[in-house]
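Undergrad: Before anything else, here's the structure in question.
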Amino acid sequence: MKAFTVSKAATALMLAGLVLLPLYSQLSGNIFILTLFTRIVILALAAASLNLIMGFGGMMSFGHAAYLGIGGYAVGMLAQEGVGSGYIQFPVALAASALYALVIGALSLRTRGVYFIMITLAFAQMAYYVASGLARYGGDDGLTVYKRSDFSGLINLGNRTQFYYLCLACVFAVIVLIWRIANSRFGLVLQGLRSNEQRMQAIGFPAKRYQLVCFVISGMMCGLAGALLANNTDFISPAVMYWTRSGDLMVMVILGGMGTLFGPVMGAVVYLLLEEFLSQITEYWALIMGPLLLLIVLFGRGGIMGALGRVGRG
Amino acid sequence: MAEPLLRVEKLVRRFGGIIATDNVSLDVAAGELHAIIGPNGAGKTTLISQLTGHLEPHSGSVSLGGRDITYLPAYRRCALGLARSFQITSLLLDFTAADNVALAAQAHAGTSFRFFANARKEKGLRDAAHAALDRVGLLHRADIVVSRLSHGERRELELAVALASKPKLLLLDEPMAGLGVTESQRMVKLLQELRKEVSIVLVEHDMPAVFALADRISVLVYGRVIASGDPAAIRANDDVKRAYLGDQHVVTHHG
């Protein structure tokens, strides 16, 4: 039971920190930290969604950043066309992500292993180039979102603190959802398929159907992150869909601990804080970051969560 | 004679120039235990794979209860009452024994597109899992992760998983493979019990076990069925003797 307490304590500490952060920001007058953490929380949401297909579903998608772009462009394009209501923008962002996931998933899931990685990557790059070609919506240069999504009567996204808490609430909601899914009938089938697809077919489960539904759920979650991201930066550009961004998300998941509930959040916090911190020290920060990640992945099997579990046991 | 439970007709499967299944026809009647034997490389696993849907035949047909299933995918055959065990144990290693069996029960108990309720707390599924584990004598190991079970226990678990789907026909691909003497005896005893409830196709190398269990035996050599009949007839069959003992005669001569 002690193994539980170490990783649980670390998780609880991190969550308490995230909840209390706006308070600290207000007291210290440090506005920057709130902006930074809003971004971290949004990307943690994206990482958590990727973890659902990677960690629980065993599907190594290398094109997850596409959903960030789709969710973001849904908000940006609608705002550009004069539709400012978040009650319309967000459902559209989710629907567009779901549709993309359905089509890409149906095609990609015909393949396995390396081919699956490559095909999801290829589709995400395609989305990137399509966005770059949208001349009406800024093309390469991206699109400024002049007004944040309007949730009048509910919440004001223009208010930093309110917006931060909205993002945090979304992360919590998604993690609760993933937790329920992981233990549900659907989740057990999904994890069974990760473990041994042939066996699952033999006891009567059509693999692809379950994996596709999982792919769509995950895509919608990440689309939500995209819609929040566009609001956070008041800007959306093809760059958020670039393959390096998909790679970042993968690193966050693996760093934090694949297939754990809070691992991706932990991974996002550590990864982005390291990036922020190191880039302030030197412009060659990537030179330090790379080996550091390598060490963590090599020696901390199961990522940070796995390492914490071992510390508890050791 | 009534419609057989399983009917295989003129099944052919080639791998390049090699004919691994050569015009195989056989029937399995309801309630029968039909054993398929043959020397290594006779095409037993190829044949089983076509029955389970993991491999498509080039011609011929397979029907279950009068229904053509030749080209149905594995999961659909399972829904029609065909369950299998694997020659090389194939289980969900990171799941507990009970989870493995409960999933098989779940596949046949309504939709699995349920996203919220905790499936491990569904009494119906757990009860079914425990019943199947009890059947094979593994109940006391229900909550052990499969990767920590012994080889013999895994073979029994394979059987429990197959039973949990309440099949009409069990395809057992070498259930005794790798078992020790006492474990084998337990497995034979277990199969003797099970055959009262379900029809079985048994592919097995362990000859004493086969002759003790089978109602009928089909002998496969180079992809062909060279003989089919009850154990006594097979024992007396000259072609079978040659196929099995031929090599041994040569060895004796050299010695």
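Note on naming: chains are A, B, ... as they come in the structure tokens, residues start from 1 per chain, ligands start from 1 in the order shown.
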Please, which residues of chain A lie no more than 9 Å from chain B when the count uses only C-alpha atoms, and can they be set out as a ChimeraX atom specification?

TA: /A:177,179-189,192-193,195-196,198-207,210

Undergrad: Can you tell me which residues surround stretch 48-63 of chain A at a distance of at most 8 Å, considering only C-alpha atoms, apart from same-chain residues fewer than 6 positions away, and format the answer as a ChimeraX atom specification?

TA: /A:113,116-118,120-125,171,174-175,178,182,187,190-191,193-194,211,214-215,218-219,221-222,243,246-247,249-250,253,258-262,264-265

Undergrad: Quick one, how far is atom CA of A:Leu224 from atom CA of A:Gly84?

TA: 16.4 Å

Undergrad: Could you pull out the alpha helix (DSSP H) residues of stretch 61-227 of chain B from DSSP and send them as a PyMOL selection string?

TA: chain B and resi 74-79+97-106+123-135+151-164+181-194+207-213

Undergrad: Go through A:Arg148, A:Lys8, A:Arg209, A:His64 one by one, measure the shortest atom-to-atom distance of each to A:Gly76 using only C-alpha atoms, and give the residue with the smallest value.

TA: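 Among A:Arg148, A:Lys8, A:Arg209, A:His64, it is A:Arg148 that comes nearest to A:Gly76.
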
Undergrad: Mind listing the strand (DSSP E) residues of stretch 23-251 of chain B, per DSSP on the backbone, as an MDAnalysis selection string?

TA: chainID B and resid 23:28 33:37 59:64 67:68 82:85 169:173 199:203 216:221 224:229

Undergrad: With a distance cut-off of 10 Å and only C-alpha atoms, select the neighbouring residues of B:Leu55, excluding the residue or stretch itself and same-chain residues fewer than 5 positions from it, and output the selection as a compact mmCIF listing (two decimals) with N, CA and C atoms, in the first residue's frame.

TA:
```txt
# COMPACT_ATOMS: atom_id res chain seq x y z
N ARG B 13 -6.23 -25.52 -48.93
CA ARG B 13 -5.45 -24.32 -48.62
C ARG B 13 -4.01 -24.56 -49.04
N THR B 46 -3.09 -25.64 -39.60
CA THR B 46 -3.66 -24.96 -40.76
C THR B 46 -5.16 -25.24 -40.86
N LEU B 47 -5.51 -26.50 -40.64
CA LEU B 47 -6.92 -26.89 -40.70
C LEU B 47 -7.72 -26.18 -39.61
N ILE B 48 -7.22 -26.23 -38.38
CA ILE B 48 -7.90 -25.57 -37.26
C ILE B 48 -8.09 -24.08 -37.54
N SER B 49 -7.04 -23.45 -38.07
CA SER B 49 -7.12 -22.01 -38.34
C SER B 49 -8.23 -21.67 -39.32
N GLN B 50 -8.49 -22.59 -40.25
CA GLN B 50 -9.58 -22.34 -41.19
C GLN B 50 -10.94 -22.56 -40.53
N THR B 70 -17.73 -20.35 -43.92
CA THR B 70 -16.40 -20.44 -44.53
C THR B 70 -15.62 -19.13 -44.48
N TYR B 71 -16.33 -18.02 -44.74
CA TYR B 71 -15.61 -16.74 -44.82
C TYR B 71 -15.98 -15.76 -43.71
N PRO B 73 -15.59 -13.83 -40.23
CA PRO B 73 -14.45 -13.52 -39.36
C PRO B 73 -14.58 -14.25 -38.02
N ALA B 74 -13.45 -14.38 -37.33
CA ALA B 74 -13.40 -15.17 -36.09
C ALA B 74 -14.46 -14.74 -35.08
```

Undergrad: Pick out the residues sitting within 8 Å of B:Gly229, and hand them over as a list in words; count only C-alpha atoms, and ignore anything fewer than 6 positions along from it in its own chain.

TA: Arg216, Ile217 and Ser218 of chain B
